[in-house]
>>> print(open('work_26.txt').read())   # compact mmCIF, C-alpha atoms
# COMPACT_ATOMS: atom_id res chain seq x y z
CA MET M 18 67.94 81.71 87.38
CA GLU M 19 71.42 80.33 87.27
CA ALA M 20 72.20 76.87 88.39
CA PRO M 21 73.19 76.68 92.03
CA VAL M 22 76.88 77.10 92.49
CA VAL M 23 78.77 75.06 94.99
CA LEU M 24 81.89 76.84 96.04
CA SER M 25 84.77 75.36 97.88
CA ALA M 26 87.99 76.78 99.13
CA GLU M 27 89.89 74.45 96.85
CA PHE M 28 87.90 75.56 93.81
CA LEU M 29 88.55 79.22 94.54
CA ARG M 30 92.19 78.48 95.13
CA GLU M 31 92.53 76.89 91.71
CA ARG M 32 90.81 79.82 90.06
CA LEU M 33 93.13 82.32 91.72
CA LEU M 34 96.26 80.30 91.04
CA GLN M 35 95.45 80.15 87.35
CA GLY M 36 93.79 83.50 86.90
CA LEU M 37 96.53 85.52 88.56
CA GLU M 38 99.57 83.35 87.90
CA ALA M 39 99.80 83.30 91.64
CA GLU M 40 102.76 81.83 93.43
CA HIS M 41 100.87 81.21 96.57
CA VAL M 42 97.20 81.20 97.42
CA GLU M 43 95.48 80.50 100.68
CA VAL M 44 91.74 80.26 100.85
CA GLU M 45 89.95 79.87 104.10
CA ASP M 46 86.28 79.15 104.46
CA THR M 47 85.26 81.57 107.16
CA THR M 48 81.57 80.83 107.02
CA PRO M 49 80.11 81.55 110.41
CA GLY M 50 76.67 80.52 111.46
CA ARG M 51 74.90 83.57 110.21
CA CYS M 52 76.31 83.77 106.69
CA ALA M 53 76.09 81.13 104.05
CA THR M 54 79.33 81.57 102.19
CA SER M 55 82.32 83.46 103.45
CA PHE M 56 85.88 83.22 102.33
CA LYS M 57 89.17 84.80 103.18
CA VAL M 58 91.93 84.68 100.64
CA LEU M 59 95.59 85.47 100.52
CA VAL M 60 97.00 85.82 97.04
CA VAL M 61 100.69 86.22 96.24
CA SER M 62 101.22 87.17 92.65
CA PRO M 63 103.85 89.01 90.63
CA ARG M 64 100.99 90.70 88.83
CA PHE M 65 100.39 92.87 91.88
CA GLN M 66 103.75 94.53 91.38
CA GLY M 67 103.46 98.29 91.26
CA LYS M 68 99.72 98.24 91.73
CA PRO M 69 97.93 99.98 94.57
CA LEU M 70 95.74 97.98 96.88
CA LEU M 71 92.50 98.87 95.15
CA GLN M 72 93.75 97.68 91.79
CA ARG M 73 95.10 94.46 93.24
CA HIS M 74 91.78 93.72 94.82
CA ARG M 75 90.03 94.51 91.60
CA LEU M 76 92.19 91.93 89.84
CA VAL M 77 91.11 89.34 92.36
CA ASN M 78 87.50 90.40 92.03
CA GLU M 79 87.70 90.05 88.26
CA VAL M 80 89.06 86.54 88.42
CA LEU M 81 86.30 85.55 90.82
CA ALA M 82 83.57 87.67 89.25
CA GLU M 83 81.21 84.73 88.79
CA GLU M 84 81.95 83.21 92.16
CA LEU M 85 81.59 86.44 94.05
CA LYS M 86 77.95 86.63 93.04
CA HIS M 87 77.45 83.67 95.34
CA ILE M 88 79.83 84.67 98.06
CA HIS M 89 78.44 86.58 100.95
CA ALA M 90 81.54 87.79 102.68
CA PHE M 91 84.94 88.04 101.13
CA GLU M 92 88.19 89.17 102.69
CA GLN M 93 91.35 89.46 100.76
CA ARG M 94 95.02 90.18 101.16
CA THR M 95 97.09 90.74 98.08
CA LEU M 96 100.87 90.58 98.24
CA THR M 97 103.70 90.63 95.77
CA PRO M 98 106.20 87.78 96.05
CA GLU M 99 108.62 90.21 97.68
CA GLN M 100 106.12 91.28 100.28
CA TRP M 101 105.24 87.67 100.93
CA ALA M 102 108.88 86.68 101.35
CA LYS M 103 109.44 89.52 103.75
CA GLU M 104 106.42 88.50 105.74
CA GLN M 105 107.64 84.91 105.93
CA GLU M 106 111.02 86.05 107.17
CA GLY M 107 109.40 87.99 109.94
CA LYS M 108 107.74 84.87 111.25
CA MET V 19 92.50 88.21 109.72
CA ASN V 20 89.24 87.29 111.26
CA GLY V 21 90.96 87.35 114.58
CA SER V 22 92.36 90.77 113.99
CA LEU V 23 88.98 91.99 112.88
CA CYS V 24 87.47 90.77 116.10
CA ARG V 25 90.26 92.29 118.10
CA LEU V 26 89.82 95.52 116.29
CA ARG V 27 86.16 95.50 117.04
CA ALA V 28 86.76 94.72 120.66
CA ALA V 29 89.46 97.30 120.95
CA LEU V 30 87.40 99.96 119.33
CA TRP V 31 84.21 99.20 121.06
CA ARG V 32 85.08 101.38 123.98
CA SER V 33 85.34 104.46 121.82
CA ALA V 34 82.08 103.62 120.18
CA ALA V 35 80.05 105.30 122.86
CA SER V 36 77.36 107.79 122.21
CA ARG V 37 78.56 110.26 119.70
CA PRO V 38 76.02 112.23 117.75
CA LEU V 39 75.18 110.08 114.82
CA LEU V 40 74.64 111.08 111.32
CA PHE V 41 71.37 110.91 109.64
CA THR V 42 70.60 108.33 107.09
CA PRO V 43 69.09 110.37 104.35
CA ARG V 44 66.11 109.23 102.44
CA TYR V 45 66.92 108.67 98.90
CA LEU V 46 65.83 107.25 95.65
CA SER V 47 62.75 105.25 95.07
CA GLN V 48 60.84 105.61 98.25
CA GLY V 49 58.52 102.70 98.64
CA GLY V 50 59.64 101.36 95.31
CA ALA V 51 59.33 97.67 94.71
CA ALA V 52 62.31 96.88 96.79
CA GLY V 53 61.12 93.31 97.25
CA ASP V 54 63.67 91.04 95.70
CA GLY V 55 63.85 93.42 92.76
CA ALA V 56 66.96 91.84 91.32
CA GLY V 57 65.77 92.78 87.89
CA GLY V 58 64.15 96.02 88.94
CA ALA V 59 65.29 99.34 87.64
CA GLY V 60 68.09 100.48 89.87
CA PRO V 61 69.25 104.00 90.41
CA SER V 62 70.93 105.61 87.47
CA GLU V 63 74.63 106.17 87.47
CA GLU V 64 73.94 109.85 87.81
CA GLU V 65 71.81 109.28 90.88
CA VAL V 66 74.42 107.13 92.55
CA GLY V 67 77.04 109.68 91.59
CA ARG V 68 75.11 112.28 93.52
CA LEU V 69 74.95 110.01 96.54
CA VAL V 70 78.66 109.30 96.66
CA ARG V 71 79.41 113.01 96.44
CA ALA V 72 76.83 114.02 99.01
CA HIS V 73 79.56 114.41 101.61
CA PRO V 74 83.36 114.23 101.73
CA VAL V 75 83.03 110.88 103.50
CA VAL V 76 80.32 108.52 102.33
CA VAL V 77 79.79 104.94 103.44
CA PHE V 78 77.45 102.38 101.92
CA MET V 79 76.90 99.78 104.58
CA LYS V 80 74.58 97.20 106.05
CA GLY V 81 72.70 98.80 108.88
CA THR V 82 73.53 102.16 110.40
CA PRO V 83 76.60 103.41 112.21
CA ALA V 84 74.63 103.09 115.42
CA GLN V 85 73.54 99.58 114.53
CA PRO V 86 75.68 97.93 111.92
CA GLN V 87 74.18 94.70 110.66
CA CYS V 88 77.40 93.10 109.53
CA GLY V 89 80.84 92.73 111.02
CA PHE V 90 82.54 94.30 108.03
CA SER V 91 80.29 97.33 108.05
CA ASN V 92 80.86 97.63 111.76
CA ALA V 93 84.61 97.51 111.25
CA VAL V 94 84.43 100.43 108.84
CA VAL V 95 82.39 102.44 111.30
CA GLN V 96 84.86 101.67 114.08
CA ILE V 97 87.90 102.52 112.00
CA LEU V 98 86.39 105.87 111.06
CA ARG V 99 85.46 106.48 114.66
CA LEU V 100 88.99 105.71 115.74
CA HIS V 101 90.11 108.51 113.47
CA GLY V 102 87.50 110.79 114.94
CA VAL V 103 85.42 110.71 111.80
CA THR V 104 81.83 110.67 112.91
CA ASP V 105 80.47 113.23 110.52
CA TYR V 106 79.76 111.35 107.33
CA HIS V 107 76.94 110.17 105.19
CA SER V 108 75.94 106.56 105.43
CA TYR V 109 73.46 104.67 103.36
CA ASP V 110 71.92 101.46 104.59
CA VAL V 111 71.75 99.19 101.58
CA LEU V 112 69.56 96.75 103.48
CA GLN V 113 66.82 99.35 103.18
CA ASP V 114 67.05 99.52 99.42
CA HIS V 115 67.83 96.54 97.28
CA ASN V 116 68.17 98.68 94.20
CA LEU V 117 70.75 100.85 95.85
CA ARG V 118 72.58 97.77 97.08
CA GLN V 119 72.99 96.61 93.50
CA GLY V 120 73.30 100.12 92.13
CA ILE V 121 76.33 100.99 94.20
CA LYS V 122 78.03 97.72 93.28
CA ASN V 123 77.52 98.50 89.63
CA TYR V 124 78.65 102.07 90.04
CA SER V 125 81.94 101.24 91.69
CA ASN V 126 82.37 97.89 89.99
CA TRP V 127 82.94 96.39 93.39
CA PRO V 128 81.10 93.29 94.52
CA THR V 129 80.80 93.75 98.24
CA ILE V 130 79.42 96.01 100.92
CA PRO V 131 80.62 98.10 102.76
CA GLN V 132 82.01 100.65 100.36
CA VAL V 133 83.79 103.84 101.34
CA PHE V 134 83.98 106.98 99.22
CA LEU V 135 86.25 109.90 99.97
CA ASN V 136 85.50 113.06 98.04
CA GLY V 137 83.30 111.05 95.72
CA GLU V 138 86.08 108.63 94.94
CA PHE V 139 85.79 104.97 95.74
CA VAL V 140 88.59 103.88 98.05
CA GLY V 141 87.55 100.34 98.89
CA GLY V 142 85.76 98.14 101.35
CA CYS V 143 86.58 96.91 104.80
CA ASP V 144 89.85 95.14 103.94
CA ILE V 145 91.27 98.13 102.17
CA LEU V 146 90.17 100.63 104.79
CA LEU V 147 91.68 98.43 107.48
CA GLN V 148 94.96 98.18 105.63
CA MET V 149 94.96 101.92 104.93
CA HIS V 150 94.42 102.39 108.63
CA GLN V 151 97.31 100.11 109.48
CA SER V 152 99.68 101.64 106.95
CA GLY V 153 98.89 105.20 107.90
CA ASP V 154 97.48 105.99 104.48
CA LEU V 155 94.09 106.73 105.92
CA VAL V 156 95.48 109.60 107.94
CA GLU V 157 96.90 111.05 104.73
CA GLU V 158 93.71 110.56 102.77
CA LEU V 159 91.69 112.24 105.48
CA LYS V 160 94.14 115.10 105.51
CA LYS V 161 93.41 115.68 101.85
CA LEU V 162 89.81 116.15 102.81
CA GLY V 163 90.76 118.64 105.47
CA ILE V 164 90.03 116.16 108.22
CA ARG V 165 92.59 115.79 110.94
CA SER V 166 92.65 112.24 112.18
CA ALA V 167 92.10 111.95 115.88
CA LEU V 168 94.85 109.37 115.92
CA LEU V 169 97.39 112.11 115.36
CA ASP V 170 96.45 113.58 118.68
CA SER V 171 96.58 110.34 120.58
CA GLU V 172 99.71 109.04 118.91
CA LYS V 173 102.08 110.56 121.41
CA ASP V 174 100.48 108.55 124.14
CA HIS V 175 100.90 105.32 122.26
CA GLY V 176 104.35 105.97 120.90
CA LYS V 177 103.09 104.74 117.58
CA LYS V 178 105.51 104.26 114.77
>>> encode(input="work_26.txt", output="structure tokens")
Amino acid sequence: MEAPVVLSAEFLRERLLQGLEAEHVEVEDTTPGRCATSFKVLVVSPRFQGKPLLQRHRLVNEVLAEELKHIHAFEQRTLTPEQWAKEQEGK
Amino acid sequence: MNGSLCRLRAALWRSAASRPLLFTPRYLSQGGAAGDGAGGAGPSEEEVGRLVRAHPVVVFMKGTPAQPQCGFSNAVVQILRLHGVTDYHSYDVLQDHNLRQGIKNYSNWPTIPQVFLNGEFVGGCDILLQMHQSGDLVEELKKLGIRSALLDSEKDHGKK
């Protein structure tokens, strides 16, 4: 058995920032009562450029491969810097 | 997006009435040591490959379409239902630990639910939801010869 892993939003954020050269990362702990570990992430990275959604999500999954084994529910949004900027403008 | 997920679920609940539901086929190691069999022999890639191609639309989920056991699985069911897709194969991974791990290995995807169209992995709840929002899902269904029910209701909503 592996050692217990303690995950935090901040830890995941660091991993994503480094692993994906991300410009912007938001990680929210969405753990409700019934699940132990749930997270929702928003990743803005130039590495998503030209990649379809599935591939972008796979990149995120790869970076968090170890962590995901311990995460129960995981939501993600993956945007390029351009998409992110556009979204910010719209706000 | 949790909020939107909840809204989606609420909004879709009405259409979730009593449609004829698919069967959940029996598969793989019946009565096998499903226990906590983390190290147990899972289904072979070939076996899983047969499952994902068993129908043009295949969903691996927690629970059944009639009784999803997880909000994300429920969201997938509701999105499909919104498009009028009620004829599909679903597999309840809670009934088979080996399948639960086997499908993750097969698609190299860490979470459930998982949606396959024509045997091809398209994604989980997030991706299906975004495909729904972008209109891509309508196109993907069209490739399968399935006309999304949304096309027929669009006029009423004046959707973009």
>>> residues_around(input="work_26.txt", residues="stretch 36-38 of chain M", least_positions_apart="4", cutoff="7 Å", atoms="all atoms listed in the file", output="PyMOL selection string")
chain M and resi 32+62+64+80
>>> closest_atom_pairs(input="work_26.txt", of="chain M", to="chain V", cutoff="7 Å", atoms="all atoms listed in the file", output="tab-separated table")
residue	atom	partner	partner_atom	distance
M:Leu70	CA	V:Ile145	CA	6.9
M:Leu71	CA	V:Gly141	CA	6.4
M:Leu85	CA	V:Pro128	CA	6.9
M:Glu92	CA	V:Asp144	CA	6.3
M:Gln93	CA	V:Asp144	CA	6.7
>>> residues_near_point(input="work_26.txt", point="(91.1, 88.7, 100.5)", cutoff="7 Å", atoms="only C-alpha atoms", output="VMD selection string")
chain M and resid 57 to 59 91 to 95
>>> write_last_selection(input="work_26.txt", atoms="C-alpha atoms", output="CSV table (one decimal), keeping the file's coordinate frame")
chain,number,residue,atom,x,y,z
M,57,LYS,CA,89.2,84.8,103.2
M,58,VAL,CA,91.9,84.7,100.6
M,59,LEU,CA,95.6,85.5,100.5
M,91,PHE,CA,84.9,88.0,101.1
M,92,GLU,CA,88.2,89.2,102.7
M,93,GLN,CA,91.4,89.5,100.8
M,94,ARG,CA,95.0,90.2,101.2
M,95,THR,CA,97.1,90.7,98.1
>>> closest_residue(input="work_26.txt", among="V:Val95, V:Val70, V:Val77, V:Leu135", to="V:Leu162", atoms="all atoms listed in the file")
V:Leu135
>>> closest_residue(input="work_26.txt", among="M:Pro98, M:Gly107, M:His89, M:Glu27", to="M:Pro49", atoms="all atoms listed in the file")
M:His89
>>> atom_distance(input="work_26.txt", atom1="atom CA of V:Asn123", atom2="atom CA of V:Ala93")
22.8 Å
>>> atom_distance(input="work_26.txt", atom1="atom CA of M:Thr97", atom2="atom CA of M:Gln66")
5.9 Å
>>> residues_around(input="work_26.txt", residues="V:Gln119", least_positions_apart="3", cutoff="9 Å", atoms="only C-alpha atoms", output="ChimeraX atom specification")
/V:56,60-61,111,114-116,122-124,128
>>> residues_around(input="work_26.txt", residues="M:Ala39", least_positions_apart="3", cutoff="7 Å", atoms="all atoms listed in the file", output="count of residues only")
7
>>> atom_distance(input="work_26.txt", atom1="atom CA of V:Leu168", atom2="atom CA of V:Asn92")
18.7 Å
>>> residues_around(input="work_26.txt", residues="M:Phe56", least_positions_apart="3", cutoff="8 Å", atoms="all atoms listed in the file", output="list in words")
Ala26, Val44, Glu45, Asp46, Thr47, Thr48, Ile88, Ala90, Phe91 and Glu92 of chain M
>>> residues_around(input="work_26.txt", residues="V:Val76", least_positions_apart="2", cutoff="8 Å", atoms="all atoms listed in the file", output="list in words")
Val70, Arg71, Ala72, His73, Pro74, Phe78, Tyr106, His107, Ser108, Tyr109, Val133, Phe134, Leu135 and Gly137 of chain V
